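> First the structure, then my questions, so here it is.
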Amino acid sequence: MIRFATKLQTHWDWRAAGNFVFGGAGSGLLALLGAAVLTGASPHPWTVLPALALIGAGLACVWLEIGRPWRALNVFRHAQRSWMTREGMVAALAMPAGLAAALSGQPALLVAAGVLGLAFLYCQARILRAAKGVPAWREPAVVPLIVATGLAEGAGVLALLGGAGVAVPAWLGLALAVLALLRALAWRRYRAGLQRAQAPAAAQARLARFDPWLGRGGLVVAVLAVGAALAPSPAGRALLVLAGLAGIGAGWAMKAALVTRAAQLQGYAFGHLRRGHPLAHSPANPSARTTR
């Protein structure tokens with residue numbers, strides 16, 4: 001196949017990327033806080049505030065990216081066909097639920113906010129999947145990649161909070177290790193899918209730079225996180241912070257590049273061009289002669 005016009009899209013810039021960077025980490029953190037309650041842990045109610053702040057920062061980036069920001073409420077008009085609308089609707093529920101959980105300390109509210117955080121993260125993944133004109137976004141494997149990345153980043157943020165003295169679940173180190181490995185597997189599957197689909201070479205070259213970060217880097221994060229779970233404090237706390245920073249940095253850099261620098265448009269594709277009349281080579285007309 002002959003492909004052309006695979007130029008970089010210019011409609012989404014760093015502001016759109018900011019929604020996936022900050023919103024993904026915040027929603028992942030919110031989901032993990034809800035999971036902590038379900039496993040019997042008792043996270044401090046105020047730990048939900050960094051999650052809400054990250055989600056809010058991501059939505060603020062989207063608001064700045066809109067050409068006419070004061071018409072932002074129009075995003076709620078297409079819930080039946082727009083994952084961006086669904087993301088906004090979930091955020092409108094997650095923010096007050098999280099704030100109510102922080103103020104009241106009710107575990108049930110934190111669980112509800114966690115479920116909404118996971119739904120927000122899934123909507124983000126489907127936003128990219130729905131962009132059919134960008135091969136790097138429409139690859140089906142992008143959905144588990146974005147979800148796994150957001151959860152790994154959320155665990156990383158929770159690790160940083162633990163390093164600052166906030167009480168965190170005892171299983172956080174092991175959870176961060178597992179999520180880093182799941183993200184590495186999702187990344188490998190995603191990259192293989194792009195190669196099978198013959199995605200634009202420029203996009204693949206840009207994303208190939210993150211193979212060490214998300215492949216071997218995922219193993220490094222897992223080793224640090226497991227070491228943090230086994231080592232006594234304060235060494236364990238220091239290892240957990242390092243693992244968290246590594247997990248967050250790799251995910252944020254990858255998503256920023258995916259949205260802004262690896263978003264080549266598909267363009268058109270033709271088969272092998274042949275000179276002559278278009279019916280000259282048709283199976284239905286084997287005796288037709290090619291005109292020169």
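Going by the structure tokens order, chains are called A, B, ..., each with residues numbered from 1, while ligands are numbered from 1 in the order shown.
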Could you pull the residues within 8 Å of Ala112 of chain A, counting only C-alpha atoms, minus those fewer than 4 positions along the same chain, as a list in words?
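The residues satisfying every condition are Gly34, Ala97, Ala108 and Leu116 of chain A.
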> Kindly save the residues from that selection, with N, CA and C atoms included, as an mmCIF file, in the first residue's frame.

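The resulting file, result_7.cif, is reproduced below:
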data_model
loop_
_atom_site.group_PDB
_atom_site.id
_atom_site.type_symbol
_atom_site.label_atom_id
_atom_site.label_comp_id
_atom_site.auth_asym_id
_atom_site.auth_seq_id
_atom_site.Cartn_x
_atom_site.Cartn_y
_atom_site.Cartn_z
ATOM 1 N N GLY A 34 -10.170 4.122 46.526
ATOM 2 C CA GLY A 34 -11.380 3.327 46.693
ATOM 3 C C GLY A 34 -11.070 1.860 46.916
ATOM 4 N N ALA A 97 -18.235 13.913 44.725
ATOM 5 C CA ALA A 97 -18.167 12.699 45.542
ATOM 6 C C ALA A 97 -16.848 12.641 46.305
ATOM 7 N N ALA A 108 -17.767 4.773 52.405
ATOM 8 C CA ALA A 108 -18.631 4.469 51.262
ATOM 9 C C ALA A 108 -18.512 5.541 50.185
ATOM 10 N N LEU A 116 -15.896 6.065 40.305
ATOM 11 C CA LEU A 116 -16.005 7.137 39.320
ATOM 12 C C LEU A 116 -14.641 7.504 38.742
#
> Please report, as an mmCIF file with C-alpha atoms, in the first residue's frame, each residue of segment 108-234 of chain A to which DSSP assigns helix (DSSP H, G or I) when run on this structure's backbone.

data_model
loop_
_atom_site.group_PDB
_atom_site.id
_atom_site.type_symbol
_atom_site.label_atom_id
_atom_site.label_comp_id
_atom_site.auth_asym_id
_atom_site.auth_seq_id
_atom_site.Cartn_x
_atom_site.Cartn_y
_atom_site.Cartn_z
ATOM 1 C CA ALA A 108 -18.631 4.469 51.262
ATOM 2 C CA LEU A 109 -18.232 7.866 49.632
ATOM 3 C CA LEU A 110 -14.546 7.185 48.984
ATOM 4 C CA VAL A 111 -15.437 3.873 47.336
ATOM 5 C CA ALA A 112 -17.982 5.653 45.140
ATOM 6 C CA ALA A 113 -15.392 8.264 44.207
ATOM 7 C CA GLY A 114 -12.937 5.486 43.383
ATOM 8 C CA VAL A 115 -15.410 3.810 41.034
ATOM 9 C CA LEU A 116 -16.005 7.137 39.320
ATOM 10 C CA GLY A 117 -12.257 7.679 39.060
ATOM 11 C CA LEU A 118 -11.860 4.354 37.275
ATOM 12 C CA ALA A 119 -14.726 5.273 34.940
ATOM 13 C CA PHE A 120 -13.057 8.617 34.203
ATOM 14 C CA LEU A 121 -9.819 6.831 33.304
ATOM 15 C CA TYR A 122 -11.661 4.440 30.995
ATOM 16 C CA CYS A 123 -13.371 7.355 29.245
ATOM 17 C CA GLN A 124 -9.979 8.926 28.616
ATOM 18 C CA ALA A 125 -8.759 5.742 26.983
ATOM 19 C CA ARG A 126 -11.843 5.546 24.775
ATOM 20 C CA ILE A 127 -11.408 9.176 23.691
ATOM 21 C CA LEU A 128 -8.143 8.228 22.015
ATOM 22 C CA ARG A 129 -9.547 4.973 20.639
ATOM 23 C CA PRO A 135 -3.360 5.439 13.710
ATOM 24 C CA ALA A 136 -1.444 5.760 16.993
ATOM 25 C CA TRP A 137 -4.682 6.562 18.816
ATOM 26 C CA ARG A 138 -7.158 4.213 17.165
ATOM 27 C CA VAL A 142 -4.339 1.865 23.484
ATOM 28 C CA VAL A 143 -7.295 1.321 25.862
ATOM 29 C CA PRO A 144 -5.569 -1.120 28.269
ATOM 30 C CA LEU A 145 -2.372 0.903 27.906
ATOM 31 C CA ILE A 146 -3.975 4.152 29.066
ATOM 32 C CA VAL A 147 -5.846 2.428 31.906
ATOM 33 C CA ALA A 148 -2.746 0.580 33.147
ATOM 34 C CA THR A 149 -0.660 3.746 32.861
ATOM 35 C CA GLY A 150 -3.137 5.813 34.846
ATOM 36 C CA LEU A 151 -3.306 3.229 37.634
ATOM 37 C CA ALA A 152 0.501 2.971 37.765
ATOM 38 C CA GLU A 153 0.749 6.757 37.965
ATOM 39 C CA GLY A 154 -1.883 6.823 40.696
ATOM 40 C CA ALA A 155 0.145 4.302 42.681
ATOM 41 C CA GLY A 156 3.196 6.485 42.094
ATOM 42 C CA VAL A 157 1.442 9.567 43.459
ATOM 43 C CA LEU A 158 0.276 7.582 46.481
ATOM 44 C CA ALA A 159 3.888 6.472 47.006
ATOM 45 C CA LEU A 160 4.982 10.109 47.042
ATOM 46 C CA LEU A 161 2.309 10.873 49.624
ATOM 47 C CA GLY A 162 3.655 7.965 51.689
ATOM 48 C CA GLY A 163 7.118 9.447 51.466
ATOM 49 C CA LEU A 172 1.143 -0.286 47.989
ATOM 50 C CA GLY A 173 4.667 -1.444 47.109
ATOM 51 C CA LEU A 174 3.469 -4.726 45.657
ATOM 52 C CA ALA A 175 0.589 -2.986 43.858
ATOM 53 C CA LEU A 176 2.984 -0.510 42.247
ATOM 54 C CA ALA A 177 5.224 -3.370 41.118
ATOM 55 C CA VAL A 178 2.320 -5.287 39.563
ATOM 56 C CA LEU A 179 0.917 -2.203 37.852
ATOM 57 C CA ALA A 180 4.329 -1.288 36.427
ATOM 58 C CA LEU A 181 4.647 -4.784 34.950
ATOM 59 C CA LEU A 182 1.103 -4.687 33.575
ATOM 60 C CA ARG A 183 1.881 -1.357 31.946
ATOM 61 C CA ALA A 184 5.026 -2.832 30.395
ATOM 62 C CA LEU A 185 2.994 -5.718 28.952
ATOM 63 C CA ALA A 186 0.311 -3.332 27.677
ATOM 64 C CA TRP A 187 3.008 -1.203 26.066
ATOM 65 C CA ARG A 188 4.536 -4.199 24.312
ATOM 66 C CA ARG A 189 1.142 -5.252 22.982
ATOM 67 C CA TYR A 190 0.395 -1.704 21.845
ATOM 68 C CA ARG A 191 3.676 -1.346 19.975
ATOM 69 C CA ALA A 192 3.154 -4.709 18.277
ATOM 70 C CA GLY A 193 -0.321 -3.604 17.210
ATOM 71 C CA LEU A 194 1.061 -0.460 15.603
ATOM 72 C CA GLN A 195 3.571 -2.501 13.637
ATOM 73 C CA ARG A 196 0.903 -4.905 12.391
ATOM 74 C CA ALA A 201 6.870 5.430 10.474
ATOM 75 C CA ALA A 202 7.266 8.823 12.172
ATOM 76 C CA ALA A 203 4.814 7.848 14.908
ATOM 77 C CA GLN A 204 6.473 4.487 15.468
ATOM 78 C CA ALA A 205 9.926 6.074 15.609
ATOM 79 C CA ARG A 206 8.764 8.616 18.159
ATOM 80 C CA LEU A 207 7.137 5.982 20.355
ATOM 81 C CA ALA A 208 10.092 3.599 20.050
ATOM 82 C CA ASP A 211 10.609 1.207 24.800
ATOM 83 C CA PRO A 212 13.424 1.337 27.404
ATOM 84 C CA TRP A 213 11.370 3.549 29.726
ATOM 85 C CA LEU A 214 8.279 1.372 29.767
ATOM 86 C CA ARG A 216 13.112 -2.339 31.177
ATOM 87 C CA GLY A 217 12.051 0.747 33.100
ATOM 88 C CA GLY A 218 8.960 -1.121 34.245
ATOM 89 C CA LEU A 219 11.182 -3.843 35.660
ATOM 90 C CA VAL A 220 13.225 -1.225 37.512
ATOM 91 C CA VAL A 221 10.074 0.263 39.021
ATOM 92 C CA ALA A 222 8.909 -3.209 40.048
ATOM 93 C CA VAL A 223 12.243 -4.048 41.694
ATOM 94 C CA LEU A 224 12.296 -0.758 43.604
ATOM 95 C CA ALA A 225 8.686 -1.185 44.710
ATOM 96 C CA VAL A 226 9.218 -4.759 45.899
ATOM 97 C CA GLY A 227 12.349 -3.645 47.717
ATOM 98 C CA ALA A 228 10.335 -0.923 49.391
ATOM 99 C CA ALA A 229 7.806 -3.506 50.560
ATOM 100 C CA LEU A 230 10.547 -5.677 52.071
#
> Taking into account only C-alpha atoms, which residue in the set A:Leu33, A:Ala164, A:Val241, A:Leu8 is nearest to Gly98 of chain A?
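That would be A:Leu33, the residue with the smallest distance to Gly98 of chain A.
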> Considering only C-alpha atoms, can you say which of A:Ala17, A:Ala31, A:Leu99, A:Met89 comes closest to Val62 of chain A?
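Among the listed residues, the smallest separation from Val62 of chain A belongs to A:Ala17.
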> So the first atom is atom CA of Ala102 of chain A and the second is atom CA of Val48 of chain A; what is the distance between them in Å, to one decimal place?
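If I compute the distance from atom CA of Ala102 of chain A to atom CA of Val48 of chain A, I get 6.3 Å.
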> With distances taken over only C-alpha atoms, which residue among A:Met84, A:Ala25, A:Ala130, A:Trp63 lies nearest Gly244 of chain A?
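Checking each of A:Met84, A:Ala25, A:Ala130, A:Trp63 against Gly244 of chain A, counting only C-alpha atoms, the winner is A:Ala25.
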> If we count only C-alpha atoms and set the cut-off at 12 Å, which residues sit around Ala53 of chain A, ignoring sequence neighbours fewer than 4 positions away in its own chain? Please answer as a PyMOL selection string.
chain A and resi 19+22-27+29-30+46-49+57-60+91+94-95+98-99
> When you look at Asp13 of chain A with a cut-off of 12 Å (counting only C-alpha atoms), what residues show up, excluding the ones that are within fewer than 3 positions of it in the same chain? I need them as a PyMOL selection string.
chain A and resi 8-10+16-20+61-62+64-66+255-263
> In Å, with one decimal, what is the gap from atom CA of Gln106 of chain A to atom CA of Ala92 of chain A?
19.5 Å
> Could you pull out the residues in segment 34-281 of chain A that DSSP calls strand (DSSP E or B) from the backbone, as a PyMOL selection string?
chain A and resi 264+268-270
> I need the chosen residues saved as a compact mmCIF listing (two decimals), in the first residue's frame, with C-alpha atoms.

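After the write, result_28.txt holds the following:
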# COMPACT_ATOMS: atom_id res chain seq x y z
CA GLN A 264 0.32 11.53 12.61
CA TYR A 268 -5.12 8.24 2.01
CA ALA A 269 -3.90 4.89 0.77
CA PHE A 270 -3.89 3.37 -2.69
